[in-house]
>>> print(open('work.txt').read())   # compact mmCIF, N, CA and C atoms
# COMPACT_ATOMS: atom_id res chain seq x y z
N ASP A 16 -4.62 22.94 10.19
CA ASP A 16 -6.06 22.77 10.08
C ASP A 16 -6.54 21.51 10.80
N GLY A 17 -5.79 21.06 11.80
CA GLY A 17 -6.21 19.95 12.63
C GLY A 17 -5.90 18.56 12.09
N LYS A 18 -5.30 18.48 10.93
CA LYS A 18 -4.97 17.17 10.37
C LYS A 18 -3.67 16.65 10.99
N PRO A 19 -3.59 15.35 11.23
CA PRO A 19 -2.32 14.78 11.69
C PRO A 19 -1.23 14.96 10.63
N VAL A 20 -0.02 15.13 11.09
CA VAL A 20 1.13 15.27 10.20
C VAL A 20 2.02 14.05 10.38
N ILE A 21 2.36 13.40 9.26
CA ILE A 21 3.30 12.29 9.32
C ILE A 21 4.55 12.66 8.53
N ARG A 22 5.68 12.12 9.01
CA ARG A 22 6.96 12.46 8.39
C ARG A 22 7.85 11.23 8.32
N LEU A 23 8.60 11.16 7.23
CA LEU A 23 9.70 10.21 7.11
C LEU A 23 10.93 11.04 6.78
N PHE A 24 11.98 10.83 7.55
CA PHE A 24 13.28 11.44 7.28
C PHE A 24 14.19 10.32 6.82
N SER A 25 14.80 10.49 5.64
CA SER A 25 15.63 9.45 5.07
C SER A 25 16.76 10.10 4.27
N THR A 26 17.52 9.26 3.56
CA THR A 26 18.52 9.74 2.61
C THR A 26 18.41 8.91 1.34
N THR A 27 19.02 9.40 0.30
CA THR A 27 18.98 8.70 -0.98
C THR A 27 19.91 7.49 -1.00
N TRP A 28 20.90 7.47 -0.15
CA TRP A 28 21.91 6.41 -0.18
C TRP A 28 21.65 5.28 0.82
N CYS A 29 20.70 5.42 1.70
CA CYS A 29 20.44 4.45 2.77
C CYS A 29 19.63 3.26 2.24
N PRO A 30 20.16 2.03 2.33
CA PRO A 30 19.40 0.87 1.84
C PRO A 30 18.13 0.61 2.63
N HIS A 31 18.12 0.93 3.91
CA HIS A 31 16.92 0.73 4.74
C HIS A 31 15.83 1.73 4.34
N CYS A 32 16.25 2.93 3.99
CA CYS A 32 15.31 3.95 3.51
C CYS A 32 14.71 3.55 2.18
N LYS A 33 15.56 3.05 1.29
CA LYS A 33 15.08 2.60 -0.03
C LYS A 33 14.06 1.48 0.12
N TRP A 34 14.29 0.59 1.08
CA TRP A 34 13.40 -0.54 1.29
C TRP A 34 11.98 -0.08 1.62
N ILE A 35 11.83 0.98 2.41
CA ILE A 35 10.52 1.40 2.91
C ILE A 35 9.88 2.53 2.10
N THR A 36 10.64 3.23 1.28
CA THR A 36 10.15 4.43 0.62
C THR A 36 8.85 4.25 -0.14
N SER A 37 8.77 3.28 -1.02
CA SER A 37 7.57 3.17 -1.85
C SER A 37 6.33 2.86 -1.02
N THR A 38 6.48 2.04 0.02
CA THR A 38 5.34 1.72 0.88
C THR A 38 4.88 2.96 1.64
N TYR A 39 5.81 3.66 2.27
CA TYR A 39 5.46 4.88 3.00
C TYR A 39 4.79 5.89 2.06
N GLU A 40 5.40 6.14 0.91
CA GLU A 40 4.86 7.15 0.00
C GLU A 40 3.49 6.78 -0.53
N ARG A 41 3.28 5.52 -0.84
CA ARG A 41 1.97 5.10 -1.34
C ARG A 41 0.89 5.33 -0.29
N VAL A 42 1.16 4.92 0.95
CA VAL A 42 0.19 5.10 2.03
C VAL A 42 -0.03 6.59 2.30
N ALA A 43 1.05 7.35 2.38
CA ALA A 43 0.94 8.79 2.66
C ALA A 43 0.12 9.48 1.58
N LYS A 44 0.42 9.21 0.32
CA LYS A 44 -0.30 9.86 -0.78
C LYS A 44 -1.79 9.51 -0.76
N GLU A 45 -2.12 8.29 -0.39
CA GLU A 45 -3.52 7.88 -0.31
C GLU A 45 -4.28 8.72 0.72
N TYR A 46 -3.70 8.85 1.91
CA TYR A 46 -4.36 9.61 2.96
C TYR A 46 -4.37 11.11 2.68
N VAL A 47 -3.32 11.62 2.05
CA VAL A 47 -3.28 13.04 1.67
C VAL A 47 -4.36 13.31 0.63
N ALA A 48 -4.46 12.45 -0.38
CA ALA A 48 -5.47 12.62 -1.44
C ALA A 48 -6.89 12.60 -0.87
N ALA A 49 -7.09 11.84 0.20
CA ALA A 49 -8.41 11.78 0.85
C ALA A 49 -8.63 12.97 1.78
N GLY A 50 -7.62 13.84 1.92
CA GLY A 50 -7.76 15.02 2.76
C GLY A 50 -7.70 14.74 4.25
N LYS A 51 -7.12 13.60 4.64
CA LYS A 51 -7.14 13.20 6.05
C LYS A 51 -5.87 13.55 6.82
N ILE A 52 -4.74 13.72 6.12
CA ILE A 52 -3.47 13.99 6.79
C ILE A 52 -2.64 14.97 5.96
N VAL A 53 -1.56 15.41 6.57
CA VAL A 53 -0.48 16.12 5.89
C VAL A 53 0.73 15.20 5.98
N ALA A 54 1.51 15.08 4.91
CA ALA A 54 2.64 14.16 4.93
C ALA A 54 3.87 14.77 4.26
N TYR A 55 5.01 14.38 4.79
CA TYR A 55 6.31 14.77 4.25
C TYR A 55 7.20 13.55 4.16
N HIS A 56 8.08 13.57 3.18
CA HIS A 56 9.17 12.59 3.12
C HIS A 56 10.44 13.38 2.79
N TRP A 57 11.15 13.73 3.83
CA TRP A 57 12.37 14.53 3.67
C TRP A 57 13.57 13.63 3.43
N GLU A 58 14.18 13.76 2.26
CA GLU A 58 15.47 13.13 2.01
C GLU A 58 16.50 14.18 2.39
N VAL A 59 17.05 14.01 3.59
CA VAL A 59 17.85 15.06 4.19
C VAL A 59 19.17 15.32 3.46
N ASP A 60 19.71 14.32 2.75
CA ASP A 60 20.97 14.54 2.06
C ASP A 60 20.81 15.44 0.83
N ILE A 61 19.62 15.48 0.27
CA ILE A 61 19.38 16.36 -0.89
C ILE A 61 18.36 17.46 -0.58
N SER A 62 17.94 17.53 0.68
CA SER A 62 17.02 18.59 1.14
C SER A 62 15.76 18.68 0.29
N ASP A 63 15.11 17.54 0.10
CA ASP A 63 13.93 17.49 -0.75
C ASP A 63 12.81 16.71 -0.09
N ASP A 64 11.60 17.22 -0.21
CA ASP A 64 10.40 16.49 0.18
C ASP A 64 9.93 15.77 -1.07
N THR A 65 10.12 14.46 -1.11
CA THR A 65 9.81 13.70 -2.32
C THR A 65 8.31 13.62 -2.62
N LEU A 66 7.49 14.07 -1.70
CA LEU A 66 6.04 14.04 -1.93
C LEU A 66 5.54 15.28 -2.67
N THR A 67 6.44 16.20 -2.98
CA THR A 67 6.06 17.38 -3.76
C THR A 67 6.64 17.27 -5.17
N PRO A 68 6.07 17.99 -6.12
CA PRO A 68 6.56 17.89 -7.50
C PRO A 68 7.82 18.72 -7.78
N PHE A 69 8.30 19.45 -6.79
CA PHE A 69 9.46 20.31 -7.01
C PHE A 69 10.52 20.03 -5.95
N ALA A 70 11.74 20.44 -6.22
CA ALA A 70 12.85 20.26 -5.28
C ALA A 70 12.91 21.46 -4.34
N GLU A 71 12.77 21.20 -3.06
CA GLU A 71 12.76 22.29 -2.08
C GLU A 71 14.12 22.96 -1.95
N GLY A 72 15.19 22.19 -1.95
CA GLY A 72 16.53 22.76 -1.81
C GLY A 72 16.94 23.03 -0.38
N ALA A 73 16.01 22.88 0.55
CA ALA A 73 16.32 23.06 1.97
C ALA A 73 15.21 22.42 2.79
N VAL A 74 15.60 21.79 3.87
CA VAL A 74 14.62 21.28 4.83
C VAL A 74 14.31 22.45 5.77
N PRO A 75 13.05 22.85 5.89
CA PRO A 75 12.73 23.98 6.77
C PRO A 75 13.22 23.75 8.19
N ALA A 76 13.59 24.83 8.84
CA ALA A 76 14.09 24.74 10.22
C ALA A 76 13.06 24.09 11.14
N SER A 77 11.78 24.32 10.88
CA SER A 77 10.74 23.71 11.72
C SER A 77 10.75 22.19 11.59
N GLU A 78 11.01 21.69 10.39
CA GLU A 78 11.07 20.25 10.18
C GLU A 78 12.35 19.65 10.77
N THR A 79 13.45 20.35 10.61
CA THR A 79 14.71 19.90 11.21
C THR A 79 14.58 19.84 12.73
N SER A 80 13.87 20.79 13.30
CA SER A 80 13.64 20.82 14.74
C SER A 80 12.84 19.60 15.20
N VAL A 81 11.83 19.22 14.45
CA VAL A 81 11.04 18.03 14.77
C VAL A 81 11.93 16.79 14.71
N PHE A 82 12.73 16.68 13.66
CA PHE A 82 13.64 15.54 13.50
C PHE A 82 14.58 15.44 14.70
N ARG A 83 15.19 16.54 15.08
CA ARG A 83 16.15 16.54 16.20
C ARG A 83 15.48 16.26 17.53
N LYS A 84 14.24 16.72 17.69
CA LYS A 84 13.52 16.48 18.94
C LYS A 84 13.31 14.98 19.17
N PHE A 85 12.90 14.29 18.13
CA PHE A 85 12.58 12.87 18.27
C PHE A 85 13.78 11.96 18.03
N ASN A 86 14.80 12.47 17.37
CA ASN A 86 15.96 11.65 17.06
C ASN A 86 17.23 12.49 17.13
N PRO A 87 17.68 12.83 18.33
CA PRO A 87 18.86 13.68 18.47
C PRO A 87 20.11 13.11 17.80
N GLY A 88 20.18 11.79 17.66
CA GLY A 88 21.34 11.16 17.02
C GLY A 88 21.34 11.28 15.51
N GLY A 89 20.19 11.61 14.93
CA GLY A 89 20.10 11.83 13.49
C GLY A 89 20.09 10.57 12.64
N SER A 90 19.77 9.42 13.23
CA SER A 90 19.73 8.17 12.47
C SER A 90 18.56 8.18 11.49
N ILE A 91 18.71 7.38 10.46
CA ILE A 91 17.65 7.27 9.46
C ILE A 91 17.43 5.79 9.13
N PRO A 92 16.27 5.41 8.67
CA PRO A 92 15.08 6.24 8.53
C PRO A 92 14.45 6.54 9.89
N THR A 93 13.84 7.70 9.97
CA THR A 93 13.10 8.10 11.16
C THR A 93 11.68 8.45 10.75
N PHE A 94 10.73 7.85 11.43
CA PHE A 94 9.30 8.09 11.19
C PHE A 94 8.75 8.87 12.38
N ILE A 95 7.99 9.93 12.12
CA ILE A 95 7.34 10.69 13.17
C ILE A 95 5.90 10.92 12.71
N PHE A 96 4.97 10.30 13.43
CA PHE A 96 3.56 10.38 13.06
C PHE A 96 2.80 11.13 14.14
N GLY A 97 2.26 12.27 13.76
CA GLY A 97 1.42 13.03 14.67
C GLY A 97 2.14 13.61 15.87
N GLY A 98 3.45 13.61 15.87
CA GLY A 98 4.20 14.13 17.01
C GLY A 98 4.04 13.29 18.26
N LYS A 99 3.48 12.08 18.10
CA LYS A 99 3.24 11.20 19.25
C LYS A 99 3.91 9.85 19.07
N TYR A 100 3.93 9.38 17.86
CA TYR A 100 4.52 8.08 17.56
C TYR A 100 5.78 8.33 16.75
N TYR A 101 6.86 7.72 17.15
CA TYR A 101 8.05 7.82 16.33
C TYR A 101 8.82 6.51 16.39
N ARG A 102 9.57 6.29 15.34
CA ARG A 102 10.38 5.08 15.28
C ARG A 102 11.63 5.39 14.46
N VAL A 103 12.75 4.91 14.95
CA VAL A 103 14.00 5.01 14.21
C VAL A 103 14.26 3.62 13.64
N GLY A 104 14.32 3.53 12.33
CA GLY A 104 14.52 2.24 11.68
C GLY A 104 13.21 1.61 11.27
N ASN A 105 13.34 0.55 10.50
CA ASN A 105 12.18 -0.19 10.03
C ASN A 105 11.83 -1.29 11.03
N GLY A 106 10.56 -1.49 11.24
CA GLY A 106 10.13 -2.49 12.20
C GLY A 106 10.14 -3.92 11.69
N TYR A 107 9.99 -4.09 10.40
CA TYR A 107 9.79 -5.44 9.85
C TYR A 107 10.74 -5.75 8.69
N GLU A 108 11.81 -5.00 8.59
CA GLU A 108 12.74 -5.21 7.47
C GLU A 108 13.45 -6.56 7.57
N ARG A 109 13.81 -6.97 8.76
CA ARG A 109 14.50 -8.26 8.92
C ARG A 109 13.66 -9.41 8.39
N GLN A 110 12.35 -9.28 8.50
CA GLN A 110 11.45 -10.31 7.99
C GLN A 110 11.06 -10.05 6.54
N ASP A 111 11.56 -8.94 5.99
CA ASP A 111 11.21 -8.51 4.64
C ASP A 111 9.69 -8.44 4.47
N ASP A 112 9.03 -7.81 5.46
CA ASP A 112 7.58 -7.81 5.53
C ASP A 112 7.02 -6.40 5.36
N LEU A 113 6.89 -5.97 4.11
CA LEU A 113 6.33 -4.66 3.84
C LEU A 113 4.83 -4.60 4.15
N VAL A 114 4.16 -5.72 4.12
CA VAL A 114 2.73 -5.76 4.46
C VAL A 114 2.56 -5.37 5.93
N ALA A 115 3.41 -5.88 6.80
CA ALA A 115 3.34 -5.53 8.22
C ALA A 115 3.69 -4.06 8.44
N GLU A 116 4.68 -3.54 7.71
CA GLU A 116 5.02 -2.12 7.81
C GLU A 116 3.81 -1.27 7.42
N GLU A 117 3.20 -1.62 6.30
CA GLU A 117 2.03 -0.85 5.85
C GLU A 117 0.89 -0.92 6.86
N ALA A 118 0.65 -2.08 7.40
CA ALA A 118 -0.42 -2.24 8.40
C ALA A 118 -0.15 -1.37 9.63
N GLU A 119 1.11 -1.33 10.04
CA GLU A 119 1.43 -0.48 11.20
C GLU A 119 1.24 0.99 10.87
N PHE A 120 1.69 1.43 9.70
CA PHE A 120 1.48 2.82 9.29
C PHE A 120 0.00 3.16 9.31
N ARG A 121 -0.81 2.30 8.69
CA ARG A 121 -2.24 2.57 8.60
C ARG A 121 -2.89 2.59 9.99
N GLY A 122 -2.49 1.68 10.84
CA GLY A 122 -3.05 1.64 12.19
C GLY A 122 -2.76 2.92 12.96
N VAL A 123 -1.55 3.39 12.89
CA VAL A 123 -1.18 4.62 13.59
C VAL A 123 -1.89 5.82 12.97
N ILE A 124 -1.92 5.89 11.65
CA ILE A 124 -2.60 7.01 10.98
C ILE A 124 -4.08 7.03 11.33
N GLU A 125 -4.73 5.88 11.29
CA GLU A 125 -6.15 5.83 11.64
C GLU A 125 -6.39 6.27 13.09
N ALA A 126 -5.53 5.86 14.00
CA ALA A 126 -5.66 6.29 15.39
C ALA A 126 -5.49 7.80 15.52
N LEU A 127 -4.54 8.36 14.79
CA LEU A 127 -4.34 9.82 14.82
C LEU A 127 -5.53 10.56 14.24
N ILE A 128 -6.11 10.03 13.17
CA ILE A 128 -7.28 10.66 12.56
C ILE A 128 -8.46 10.66 13.54
N LEU A 129 -8.68 9.54 14.19
CA LEU A 129 -9.76 9.45 15.18
C LEU A 129 -9.54 10.43 16.33
N GLU A 130 -8.32 10.48 16.80
CA GLU A 130 -8.00 11.40 17.89
C GLU A 130 -8.21 12.86 17.49
N ALA A 131 -7.83 13.21 16.26
CA ALA A 131 -7.99 14.58 15.79
C ALA A 131 -9.46 14.95 15.66
N ALA A 132 -10.31 13.96 15.39
CA ALA A 132 -11.75 14.20 15.22
C ALA A 132 -12.44 14.42 16.55
N GLU A 133 -11.84 13.99 17.63
CA GLU A 133 -12.49 14.10 18.95
C GLU A 133 -12.47 15.50 19.50
>>> encode(input="work.txt", output="structure tokens")
Amino acid sequence: DGKPVIRLFSTTWCPHCKWITSTYERVAKEYVAAGKIVAYHWEVDISDDTLTPFAEGAVPASETSVFRKFNPGGSIPTFIFGGKYYRVGNGYERQDDLVAEEAEFRGVIEALILEAAE
């Protein structure tokens, strides 16, 4: 329906994924609740989208395809926003700066929303 789609691919055992999860999920849920985006957080080791109230039991082939397209090596965490912006790893973890991570997420999401409106 024209909304940007954002994704985080992670695992339950990855310390880098654990570091960013709550920030990503809080921001994603805010924008989803406002009806501005579609969001997923796939924990690939347990095949679950943590943003839904139920356990999926499998990552859809379409989502796996997106993950492989942007990250053929399969490293985590992997962020894919709008099919245009992607990043493997956390940008500000070394500085322990979740505020900067959140600001970057919001900046990219806002740019995708504006672009989708055009």
>>> closest_residue(input="work.txt", among="A:Lys44, A:His31, A:Ile124, A:Ser80", to="Glu108 (chain A)", atoms="all atoms listed in the file")
A:His31
>>> axis_aligned_box(input="work.txt", around="region 28-38 of chain A", padding_each_side="4 Å", output="JSON")
{"center_x": 13.4, "center_y": 3.5, "center_z": 1.4, "size_x": 25.0, "size_y": 16.0, "size_z": 14.6}
>>> select_by_dssp(input="work.txt", residues="region 18-130 of chain A", states="strand (DSSP E or B)", output="ChimeraX atom specification")
/A:20-25,53-58,63-64,93-96,100-103
>>> atom_distance(input="work.txt", atom1="atom C of Ser37 (chain A)", atom2="CA of Glu133 (chain A)")
29.7 Å
>>> residues_around(input="work.txt", residues="Phe82 (chain A)", least_positions_apart="4", cutoff="10 Å", atoms="only C-alpha atoms", output="PyMOL selection string")
chain A and resi 22-24+57+76-78+86-90+93-95+101
>>> closest_residue(input="work.txt", among="A:Val81, A:Ile52, A:Ile61, A:Ile91", to="Cys32 (chain A)", atoms="all atoms listed in the file")
A:Ile91
>>> closest_residue(input="work.txt", among="A:Asp16, A:Glu45, A:Asp111, A:Glu58", to="Trp28 (chain A)", atoms="only C-alpha atoms")
A:Glu58
>>> atom_distance(input="work.txt", atom1="CA of Val74 (chain A)", atom2="atom N of Glu117 (chain A)")
25.6 Å
>>> closest_residue(input="work.txt", among="A:Lys51, A:Ile35, A:Ala126, A:Tyr46", to="Tyr100 (chain A)", atoms="only C-alpha atoms")
A:Ala126
>>> decode(input="work.txt", residues="region 74-87 of chain A", atoms="all heavy atoms", output="compact mmCIF listing (two decimals), in the first residue's frame")
# COMPACT_ATOMS: atom_id res chain seq x y z
N VAL A 74 10.65 -17.96 8.52
CA VAL A 74 10.85 -16.67 7.86
C VAL A 74 10.39 -16.87 6.42
O VAL A 74 10.88 -17.77 5.74
CB VAL A 74 12.32 -16.23 7.91
CG1 VAL A 74 12.50 -14.91 7.18
CG2 VAL A 74 12.81 -16.12 9.35
N PRO A 75 9.44 -16.08 5.94
CA PRO A 75 8.96 -16.26 4.56
C PRO A 75 10.10 -16.17 3.56
O PRO A 75 11.05 -15.42 3.74
CB PRO A 75 7.97 -15.11 4.37
CG PRO A 75 7.56 -14.71 5.75
CD PRO A 75 8.76 -14.97 6.62
N ALA A 76 9.97 -16.93 2.49
CA ALA A 76 11.00 -16.94 1.44
C ALA A 76 11.24 -15.54 0.89
O ALA A 76 12.38 -15.17 0.57
CB ALA A 76 10.59 -17.89 0.32
N SER A 77 10.19 -14.73 0.81
CA SER A 77 10.36 -13.36 0.29
C SER A 77 11.25 -12.53 1.21
O SER A 77 12.06 -11.73 0.75
CB SER A 77 8.99 -12.68 0.13
OG SER A 77 8.31 -12.65 1.37
N GLU A 78 11.14 -12.74 2.51
CA GLU A 78 11.98 -12.01 3.46
C GLU A 78 13.41 -12.54 3.45
O GLU A 78 14.36 -11.76 3.52
CB GLU A 78 11.38 -12.10 4.87
CG GLU A 78 10.08 -11.36 5.02
CD GLU A 78 10.24 -9.86 4.81
OE1 GLU A 78 11.06 -9.23 5.51
OE2 GLU A 78 9.54 -9.31 3.94
N THR A 79 13.56 -13.84 3.35
CA THR A 79 14.90 -14.44 3.25
C THR A 79 15.60 -13.93 1.99
O THR A 79 16.80 -13.65 2.01
CB THR A 79 14.80 -15.97 3.24
OG1 THR A 79 14.16 -16.39 4.44
CG2 THR A 79 16.16 -16.62 3.15
N SER A 80 14.85 -13.78 0.92
CA SER A 80 15.40 -13.27 -0.33
C SER A 80 15.92 -11.84 -0.18
O SER A 80 16.99 -11.50 -0.68
CB SER A 80 14.34 -13.34 -1.43
OG SER A 80 14.82 -12.79 -2.62
N VAL A 81 15.17 -11.01 0.52
CA VAL A 81 15.60 -9.63 0.78
C VAL A 81 16.89 -9.64 1.60
O VAL A 81 17.85 -8.92 1.29
CB VAL A 81 14.49 -8.82 1.51
CG1 VAL A 81 15.01 -7.48 1.99
CG2 VAL A 81 13.28 -8.65 0.61
N PHE A 82 16.93 -10.46 2.64
CA PHE A 82 18.11 -10.56 3.50
C PHE A 82 19.33 -10.96 2.67
O PHE A 82 20.39 -10.33 2.76
CB PHE A 82 17.83 -11.57 4.61
CG PHE A 82 18.97 -11.78 5.57
CD1 PHE A 82 19.61 -10.72 6.18
CD2 PHE A 82 19.37 -13.06 5.90
CE1 PHE A 82 20.64 -10.93 7.10
CE2 PHE A 82 20.40 -13.29 6.82
CZ PHE A 82 21.03 -12.22 7.41
N ARG A 83 19.20 -11.98 1.85
CA ARG A 83 20.32 -12.46 1.03
C ARG A 83 20.75 -11.46 -0.02
O ARG A 83 21.93 -11.37 -0.35
CB ARG A 83 19.96 -13.79 0.40
CG ARG A 83 19.92 -14.91 1.41
CD ARG A 83 19.72 -16.24 0.75
NE ARG A 83 19.68 -17.29 1.76
CZ ARG A 83 18.88 -18.32 1.71
NH1 ARG A 83 18.05 -18.47 0.69
NH2 ARG A 83 18.89 -19.22 2.67
N LYS A 84 19.79 -10.71 -0.56
CA LYS A 84 20.12 -9.70 -1.57
C LYS A 84 21.05 -8.63 -1.00
O LYS A 84 22.03 -8.23 -1.62
CB LYS A 84 18.84 -9.05 -2.11
CG LYS A 84 19.10 -7.91 -3.07
CD LYS A 84 17.81 -7.26 -3.52
CE LYS A 84 18.11 -6.05 -4.41
NZ LYS A 84 16.89 -5.36 -4.79
N PHE A 85 20.72 -8.16 0.18
CA PHE A 85 21.49 -7.07 0.78
C PHE A 85 22.67 -7.55 1.62
O PHE A 85 23.58 -6.77 1.89
CB PHE A 85 20.58 -6.18 1.63
CG PHE A 85 19.67 -5.33 0.79
CD1 PHE A 85 18.40 -5.76 0.47
CD2 PHE A 85 20.10 -4.11 0.30
CE1 PHE A 85 17.57 -4.98 -0.32
CE2 PHE A 85 19.28 -3.32 -0.48
CZ PHE A 85 18.01 -3.76 -0.80
N ASN A 86 22.64 -8.81 2.03
CA ASN A 86 23.71 -9.32 2.87
C ASN A 86 23.98 -10.79 2.54
O ASN A 86 23.60 -11.67 3.30
CB ASN A 86 23.35 -9.16 4.35
CG ASN A 86 24.48 -9.54 5.27
OD1 ASN A 86 25.54 -9.94 4.85
ND2 ASN A 86 24.23 -9.44 6.55
N PRO A 87 24.63 -11.05 1.41
CA PRO A 87 24.88 -12.43 1.00
C PRO A 87 25.66 -13.24 2.02
O PRO A 87 25.53 -14.46 2.08
CB PRO A 87 25.67 -12.30 -0.30
CG PRO A 87 25.49 -10.90 -0.75
CD PRO A 87 25.15 -10.08 0.45
